[in-house]
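Raw my_file_13.cif, mmCIF, C-alpha atoms:
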data_start
loop_
_atom_site.group_PDB
_atom_site.id
_atom_site.type_symbol
_atom_site.label_atom_id
_atom_site.label_comp_id
_atom_site.auth_asym_id
_atom_site.auth_seq_id
_atom_site.Cartn_x
_atom_site.Cartn_y
_atom_site.Cartn_z
ATOM 1 C CA PRO A 1 2.258 -1.499 12.827
ATOM 2 C CA TRP A 2 2.837 1.092 10.132
ATOM 3 C CA VAL A 3 6.181 2.868 10.099
ATOM 4 C CA GLY A 4 6.899 6.045 8.143
ATOM 5 C CA GLN A 5 10.118 5.738 6.178
ATOM 6 C CA GLU A 6 10.362 9.383 5.097
ATOM 7 C CA PRO A 7 10.124 12.571 7.240
ATOM 8 C CA ALA A 8 6.691 13.718 5.944
ATOM 9 C CA TYR A 9 5.270 10.261 6.729
ATOM 10 C CA GLU A 10 6.629 9.635 10.246
ATOM 11 C CA ASN A 11 3.242 10.014 11.943
ATOM 12 C CA VAL A 12 1.172 7.833 9.600
ATOM 13 C CA THR A 13 -0.727 5.084 11.415
ATOM 14 C CA GLY A 14 -3.161 2.481 10.239
ATOM 15 C CA GLU A 15 -3.971 -1.122 9.634
ATOM 16 C CA ALA A 16 -4.501 -3.593 6.816
ATOM 17 C CA VAL A 17 -7.293 -6.163 6.685
ATOM 18 C CA TRP A 18 -6.822 -8.994 4.176
ATOM 19 C CA ARG A 19 -8.570 -12.294 3.410
ATOM 20 C CA ASP A 20 -6.604 -14.830 1.378
ATOM 21 C CA ALA A 21 -9.801 -16.706 0.438
ATOM 22 C CA ASP A 22 -11.329 -13.592 -1.183
ATOM 23 C CA GLN A 23 -8.087 -11.975 -2.353
ATOM 24 C CA HIS A 24 -9.587 -8.784 -1.007
ATOM 25 C CA GLY A 25 -8.955 -6.323 1.780
ATOM 26 C CA PHE A 26 -8.797 -2.733 2.955
ATOM 27 C CA LEU A 27 -6.289 -0.270 4.340
ATOM 28 C CA ARG A 28 -7.204 2.229 7.009
ATOM 29 C CA LEU A 29 -4.642 5.000 7.169
ATOM 30 C CA VAL A 30 -4.456 8.133 9.287
ATOM 31 C CA GLY A 31 -2.085 11.014 8.603
ATOM 32 C CA LEU A 32 -1.128 10.261 5.000
ATOM 33 C CA PRO A 33 -0.561 13.670 3.357
ATOM 34 C CA PRO A 34 -2.975 14.635 0.545
ATOM 35 C CA ASN A 35 -1.676 14.206 -3.010
ATOM 36 C CA ASP A 36 -2.404 15.979 -6.285
ATOM 37 C CA PRO A 37 -3.676 13.142 -8.531
ATOM 38 C CA ALA A 38 -2.731 15.091 -11.667
ATOM 39 C CA LYS A 39 0.921 14.910 -10.557
ATOM 40 C CA ALA A 40 1.249 11.701 -8.507
ATOM 41 C CA GLN A 41 -0.785 8.935 -6.893
ATOM 42 C CA TYR A 42 -0.112 6.676 -3.950
ATOM 43 C CA GLN A 43 0.481 3.049 -4.881
ATOM 44 C CA LEU A 44 0.167 0.059 -2.571
ATOM 45 C CA TRP A 45 2.597 -2.856 -2.775
ATOM 46 C CA ILE A 46 2.111 -6.285 -1.194
ATOM 47 C CA VAL A 47 5.139 -8.432 -0.374
ATOM 48 C CA ASP A 48 4.467 -12.173 -0.535
ATOM 49 C CA PRO A 49 7.788 -14.030 -0.115
ATOM 50 C CA ARG A 50 6.224 -17.262 -1.412
ATOM 51 C CA ARG A 51 5.592 -15.662 -4.823
ATOM 52 C CA ASP A 52 8.959 -14.127 -5.683
ATOM 53 C CA GLU A 53 11.152 -11.182 -4.758
ATOM 54 C CA LYS A 54 8.983 -8.557 -6.485
ATOM 55 C CA PRO A 55 6.028 -7.018 -4.640
ATOM 56 C CA VAL A 56 2.506 -7.279 -6.047
ATOM 57 C CA ASP A 57 0.724 -4.116 -7.160
ATOM 58 C CA GLY A 58 -2.138 -3.483 -4.733
ATOM 59 C CA GLY A 59 -3.621 -0.555 -6.656
ATOM 60 C CA VAL A 60 -3.353 3.221 -6.759
ATOM 61 C CA PHE A 61 -5.287 5.670 -4.631
ATOM 62 C CA ASP A 62 -5.575 9.329 -3.707
ATOM 63 C CA VAL A 63 -5.825 11.169 -0.416
ATOM 64 C CA ASN A 64 -7.956 14.298 -0.754
ATOM 65 C CA SER A 65 -7.710 15.691 2.764
ATOM 66 C CA PRO A 66 -5.811 15.109 6.004
ATOM 67 C CA GLY A 67 -7.249 12.579 8.407
ATOM 68 C CA GLU A 68 -8.464 9.031 7.909
ATOM 69 C CA VAL A 69 -8.744 7.284 4.546
ATOM 70 C CA ILE A 70 -10.117 3.813 3.760
ATOM 71 C CA VAL A 71 -8.568 2.203 0.679
ATOM 72 C CA PRO A 72 -9.735 -1.034 -0.972
ATOM 73 C CA ILE A 73 -6.825 -3.353 -1.789
ATOM 74 C CA ASP A 74 -6.847 -4.343 -5.454
ATOM 75 C CA ALA A 75 -4.133 -7.019 -5.807
ATOM 76 C CA LYS A 76 -3.228 -7.483 -9.471
ATOM 77 C CA LEU A 77 -1.905 -11.024 -8.819
ATOM 78 C CA THR A 78 -2.776 -13.778 -6.344
ATOM 79 C CA VAL A 79 -1.333 -13.176 -2.865
ATOM 80 C CA ASP A 80 -1.357 -16.137 -0.481
ATOM 81 C CA ASN A 81 1.063 -15.041 2.218
ATOM 82 C CA PRO A 82 1.180 -11.235 2.555
ATOM 83 C CA ARG A 83 3.971 -10.282 4.959
ATOM 84 C CA VAL A 84 4.454 -6.568 4.244
ATOM 85 C CA PHE A 85 2.300 -3.789 2.812
ATOM 86 C CA ALA A 86 4.144 -0.701 1.535
ATOM 87 C CA ILE A 87 3.131 2.612 -0.031
ATOM 88 C CA THR A 88 4.992 4.651 -2.622
ATOM 89 C CA LEU A 89 4.134 7.841 -4.523
ATOM 90 C CA GLU A 90 4.149 7.253 -8.295
ATOM 91 C CA LYS A 91 3.129 8.888 -11.562
ATOM 92 C CA PRO A 92 -0.632 9.056 -12.184
ATOM 93 C CA GLY A 93 -1.971 5.569 -12.886
ATOM 94 C CA GLY A 94 0.900 3.882 -11.056
ATOM 95 C CA VAL A 95 3.855 1.857 -12.280
ATOM 96 C CA VAL A 96 4.643 -1.821 -12.873
ATOM 97 C CA VAL A 97 7.880 -1.709 -10.847
ATOM 98 C CA SER A 98 8.548 1.046 -8.316
ATOM 99 C CA ALA A 99 11.845 2.851 -7.978
ATOM 100 C CA GLY A 100 10.740 3.954 -4.475
ATOM 101 C CA PRO A 101 11.217 5.288 -1.990
ATOM 102 C CA LEU A 102 8.926 3.372 0.339
ATOM 103 C CA LEU A 103 7.000 6.056 2.250
ATOM 104 C CA VAL A 104 5.118 3.894 4.758
ATOM 105 C CA VAL A 105 5.541 0.190 5.562
ATOM 106 C CA GLY A 106 3.235 -2.098 7.526
ATOM 107 C CA SER A 107 4.387 -5.558 8.613
ATOM 108 C CA VAL A 108 2.025 -8.464 9.188
ATOM 109 C CA ALA A 109 2.224 -9.890 12.688
ATOM 110 C CA GLY A 110 2.905 -13.589 13.122
#

This structure in structure tokens:
Amino acid sequence: PWVGQEPAYENVTGEAVWRDADQHGFLRLVGLPPNDPAKAQYQLWIVDPRRDEKPVDGGVFDVNSPGEVIVPIDAKLTVDNPRVFAITLEKPGGVVVSAGPLLVVGSVAG
């Protein structure tokens, strides 16, 4: 389940689909507010506790209109045991290490 961590993101829902073998997946999100890509972009983070304490950059993306958005996951490093997916809002192009806050967090069941 996805949980909004900030007031404007409380009603965001969605799911993540990920295949370790392919190192590829997608996010389906509903209710993520549109962003202005000239000012800030959403960035996905993947937490894999087997790697280390820092999350893996899953790519940047934009939301152009309210409603549903499908986002391909573009992990910059190998992820073998994703446990949490999180979204932040960063400068255009994204960042190497986020200062937060985490806007929406999705935990992997199991």

Set up a box along x, y and z of the file covering all listed atoms of segment 19-36 of chain A, add 5 Å on every one of the six sides, and write the centre and edge lengths in Å to one decimal, as lines of an AutoDock Vina configuration file.
center_x = -5.9
center_y = -0.4
center_z = 1.5
size_x = 20.8
size_y = 42.7
size_z = 25.6

**Q.** For Asp36 of chain A, the nearest of the candidates A:Gly4, A:Gly14, A:Gly67, A:Pro92, counting all atoms listed in the file
**A.**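 Result for the nearest residue to Asp36 of chain A: A:Pro92.
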
Would you mind listing what lies within 9 Å of Ala8 of chain A as an mmCIF file with C-alpha atoms, in the frame of the given file, with only C-alpha atoms counted and same-chain residues fewer than 5 positions away left out?
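Now in selection-v9.cif:
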data_model
loop_
_atom_site.group_PDB
_atom_site.id
_atom_site.type_symbol
_atom_site.label_atom_id
_atom_site.label_comp_id
_atom_site.auth_asym_id
_atom_site.auth_seq_id
_atom_site.Cartn_x
_atom_site.Cartn_y
_atom_site.Cartn_z
ATOM 1 C CA LEU A 32 -1.128 10.261 5.000
ATOM 2 C CA PRO A 33 -0.561 13.670 3.357
ATOM 3 C CA LEU A 103 7.000 6.056 2.250
#

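For the choices A:Val63, A:Ala86, A:Val105, A:Ile73, the atom-to-atom distance to Gly31 of chain A is smallest for A:Val63 when using all atoms listed in the file.
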
(Q) Which residues would end up in the selection if the PyMOL selection byres ((chain A and resi 38) around 10) were applied here, given that I need the answer as number ranges by chain? (A) A: 35-37, 39-41, 91-93

Residue selection dump (C-alpha atoms) as a PDB file, in the coordinates of the input:
ATOM      1  CA  ASN A  35      -1.676  14.206  -3.010  1.00  0.00           C
ATOM      2  CA  ASP A  36      -2.404  15.979  -6.285  1.00  0.00           C
ATOM      3  CA  PRO A  37      -3.676  13.142  -8.531  1.00  0.00           C
ATOM      4  CA  LYS A  39       0.921  14.910 -10.557  1.00  0.00           C
ATOM      5  CA  ALA A  40       1.249  11.701  -8.507  1.00  0.00           C
ATOM      6  CA  GLN A  41      -0.785   8.935  -6.893  1.00  0.00           C
ATOM      7  CA  LYS A  91       3.129   8.888 -11.562  1.00  0.00           C
ATOM      8  CA  PRO A  92      -0.632   9.056 -12.184  1.00  0.00           C
ATOM      9  CA  GLY A  93      -1.971   5.569 -12.886  1.00  0.00           C
TER      10      GLY A  93
END

Q | Pick from A:Lys76, A:Leu29, A:Phe61, A:Pro66, whichever lies nearest to Val12 of chain A using all atoms listed in the file | A |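 Residue with the minimum atom-to-atom distance to Val12 of chain A: A:Leu29.
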
Q: Have a look at A:Pro72, A:Pro49, A:Pro34, A:Gly25 and name the one nearest to Leu89 of chain A; count all atoms listed in the file.
A: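 Checking each of A:Pro72, A:Pro49, A:Pro34, A:Gly25 against Leu89 of chain A, counting all atoms listed in the file, the winner is A:Pro34.
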
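Using all atoms listed in the file, the smallest distance between any of A:Asp62, A:Asp74, A:Asp52, A:Glu90 and Trp18 of chain A comes from A:Asp74.
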
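Of the residues listed (A:Val60, A:Val108, A:Val71, A:Val79), A:Val60 shows the shortest atom-to-atom separation from Val95 of chain A; distances use all atoms listed in the file.
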
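What separates atom CA of Glu15 of chain A from atom CA of Leu102 of chain A is a distance of 16.5 Å.
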
**Q.** atom CA of Asp22 of chain A to atom CA of Val69 of chain A, distance in Å rounded to a single decimal
**A.**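 One can read the atom CA of Asp22 of chain A to atom CA of Val69 of chain A distance as 21.8 Å.
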
Q: Could you jot down the atom CA of Ser65 of chain A to atom CA of Thr88 of chain A separation for me, Å, one decimal place?
A: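 So the two atoms, atom CA of Ser65 of chain A and atom CA of Thr88 of chain A, lie 17.7 Å apart.
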
Q) Care to translate the PyMOL selection byres ((chain A and resi 2) around 6) into actual residues of this file, as a PyMOL selection string? A) chain A and resi 1+3+13+105-106

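The residues caught by the PyMOL selection byres ((chain A and resi 20) around 12) in this file are A:Val17, A:Trp18, A:Arg19, A:Ala21, A:Asp22, A:Gln23, A:His24, A:Gly25, A:Asp48, A:Ile73, A:Ala75, A:Leu77, A:Thr78, A:Val79, A:Asp80, A:Asn81, A:Pro82.
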
Because some atoms of segment 11-22 of chain A are absent here, can you restore all heavy atoms and send them as an mmCIF file, in the coordinates of the input?
data_model
loop_
_atom_site.group_PDB
_atom_site.id
_atom_site.type_symbol
_atom_site.label_atom_id
_atom_site.label_comp_id
_atom_site.auth_asym_id
_atom_site.auth_seq_id
_atom_site.Cartn_x
_atom_site.Cartn_y
_atom_site.Cartn_z
ATOM 1 N N ASN A 11 4.372 10.142 11.031
ATOM 2 C CA ASN A 11 3.242 10.014 11.943
ATOM 3 C C ASN A 11 2.055 9.246 11.357
ATOM 4 O O ASN A 11 0.984 9.225 11.948
ATOM 5 C CB ASN A 11 2.785 11.402 12.398
ATOM 6 C CG ASN A 11 3.867 12.087 13.204
ATOM 7 O OD1 ASN A 11 4.533 11.459 14.020
ATOM 8 N ND2 ASN A 11 4.077 13.365 12.952
ATOM 9 N N VAL A 12 2.249 8.610 10.208
ATOM 10 C CA VAL A 12 1.172 7.833 9.600
ATOM 11 C C VAL A 12 0.930 6.577 10.437
ATOM 12 O O VAL A 12 1.867 5.883 10.836
ATOM 13 C CB VAL A 12 1.510 7.454 8.146
ATOM 14 C CG1 VAL A 12 0.439 6.536 7.569
ATOM 15 C CG2 VAL A 12 1.655 8.705 7.290
ATOM 16 N N THR A 13 -0.338 6.306 10.712
ATOM 17 C CA THR A 13 -0.727 5.084 11.415
ATOM 18 C C THR A 13 -1.813 4.395 10.606
ATOM 19 O O THR A 13 -2.400 4.991 9.701
ATOM 20 C CB THR A 13 -1.256 5.377 12.834
ATOM 21 O OG1 THR A 13 -2.412 6.216 12.720
ATOM 22 C CG2 THR A 13 -0.214 6.052 13.699
ATOM 23 N N GLY A 14 -2.095 3.156 10.950
ATOM 24 C CA GLY A 14 -3.161 2.481 10.239
ATOM 25 C C GLY A 14 -3.123 0.989 10.414
ATOM 26 O O GLY A 14 -2.399 0.459 11.264
ATOM 27 N N GLU A 15 -3.923 0.330 9.593
ATOM 28 C CA GLU A 15 -3.971 -1.122 9.634
ATOM 29 C C GLU A 15 -4.413 -1.637 8.276
ATOM 30 O O GLU A 15 -5.025 -0.927 7.490
ATOM 31 C CB GLU A 15 -4.928 -1.608 10.712
ATOM 32 C CG GLU A 15 -6.356 -1.139 10.525
ATOM 33 C CD GLU A 15 -7.225 -1.430 11.729
ATOM 34 O OE1 GLU A 15 -6.859 -2.286 12.554
ATOM 35 O OE2 GLU A 15 -8.279 -0.812 11.834
ATOM 36 N N ALA A 16 -4.071 -2.907 8.024
ATOM 37 C CA ALA A 16 -4.501 -3.593 6.816
ATOM 38 C C ALA A 16 -5.355 -4.777 7.223
ATOM 39 O O ALA A 16 -5.054 -5.464 8.201
ATOM 40 C CB ALA A 16 -3.290 -4.060 6.014
ATOM 41 N N VAL A 17 -6.425 -5.002 6.489
ATOM 42 C CA VAL A 17 -7.293 -6.163 6.685
ATOM 43 C C VAL A 17 -7.289 -6.916 5.366
ATOM 44 O O VAL A 17 -7.570 -6.328 4.317
ATOM 45 C CB VAL A 17 -8.721 -5.724 7.059
ATOM 46 C CG1 VAL A 17 -9.629 -6.926 7.181
ATOM 47 C CG2 VAL A 17 -8.715 -4.904 8.339
ATOM 48 N N TRP A 18 -6.961 -8.206 5.400
ATOM 49 C CA TRP A 18 -6.822 -8.994 4.176
ATOM 50 C C TRP A 18 -7.364 -10.392 4.382
ATOM 51 O O TRP A 18 -7.125 -11.004 5.412
ATOM 52 C CB TRP A 18 -5.352 -9.072 3.788
ATOM 53 C CG TRP A 18 -5.079 -9.947 2.616
ATOM 54 C CD1 TRP A 18 -4.608 -11.230 2.637
ATOM 55 C CD2 TRP A 18 -5.254 -9.615 1.237
ATOM 56 N NE1 TRP A 18 -4.490 -11.714 1.361
ATOM 57 C CE2 TRP A 18 -4.879 -10.740 0.476
ATOM 58 C CE3 TRP A 18 -5.705 -8.479 0.576
ATOM 59 C CZ2 TRP A 18 -4.944 -10.757 -0.907
ATOM 60 C CZ3 TRP A 18 -5.757 -8.499 -0.801
ATOM 61 C CH2 TRP A 18 -5.372 -9.617 -1.531
ATOM 62 N N ARG A 19 -8.083 -10.906 3.381
ATOM 63 C CA ARG A 19 -8.570 -12.294 3.410
ATOM 64 C C ARG A 19 -8.007 -13.024 2.201
ATOM 65 O O ARG A 19 -8.336 -12.688 1.058
ATOM 66 C CB ARG A 19 -10.098 -12.338 3.356
ATOM 67 C CG ARG A 19 -10.747 -12.178 4.705
ATOM 68 C CD ARG A 19 -12.253 -12.315 4.595
ATOM 69 N NE ARG A 19 -12.670 -13.467 3.812
ATOM 70 C CZ ARG A 19 -13.247 -14.551 4.316
ATOM 71 N NH1 ARG A 19 -13.492 -14.624 5.610
ATOM 72 N NH2 ARG A 19 -13.618 -15.542 3.542
ATOM 73 N N ASP A 20 -7.172 -14.033 2.466
ATOM 74 C CA ASP A 20 -6.604 -14.830 1.378
ATOM 75 C C ASP A 20 -7.699 -15.458 0.526
ATOM 76 O O ASP A 20 -7.600 -15.476 -0.703
ATOM 77 C CB ASP A 20 -5.717 -15.956 1.934
ATOM 78 C CG ASP A 20 -4.418 -15.447 2.533
ATOM 79 O OD1 ASP A 20 -3.985 -14.336 2.172
ATOM 80 O OD2 ASP A 20 -3.834 -16.173 3.349
ATOM 81 N N ALA A 21 -8.739 -15.996 1.160
ATOM 82 C CA ALA A 21 -9.801 -16.706 0.438
ATOM 83 C C ALA A 21 -10.476 -15.813 -0.603
ATOM 84 O O ALA A 21 -10.819 -16.267 -1.694
ATOM 85 C CB ALA A 21 -10.837 -17.243 1.424
ATOM 86 N N ASP A 22 -10.666 -14.537 -0.276
ATOM 87 C CA ASP A 22 -11.329 -13.592 -1.183
ATOM 88 C C ASP A 22 -10.365 -12.814 -2.062
ATOM 89 O O ASP A 22 -10.785 -12.163 -3.016
ATOM 90 C CB ASP A 22 -12.140 -12.562 -0.385
ATOM 91 C CG ASP A 22 -13.236 -13.185 0.441
ATOM 92 O OD1 ASP A 22 -13.642 -14.315 0.139
ATOM 93 O OD2 ASP A 22 -13.678 -12.531 1.403
#
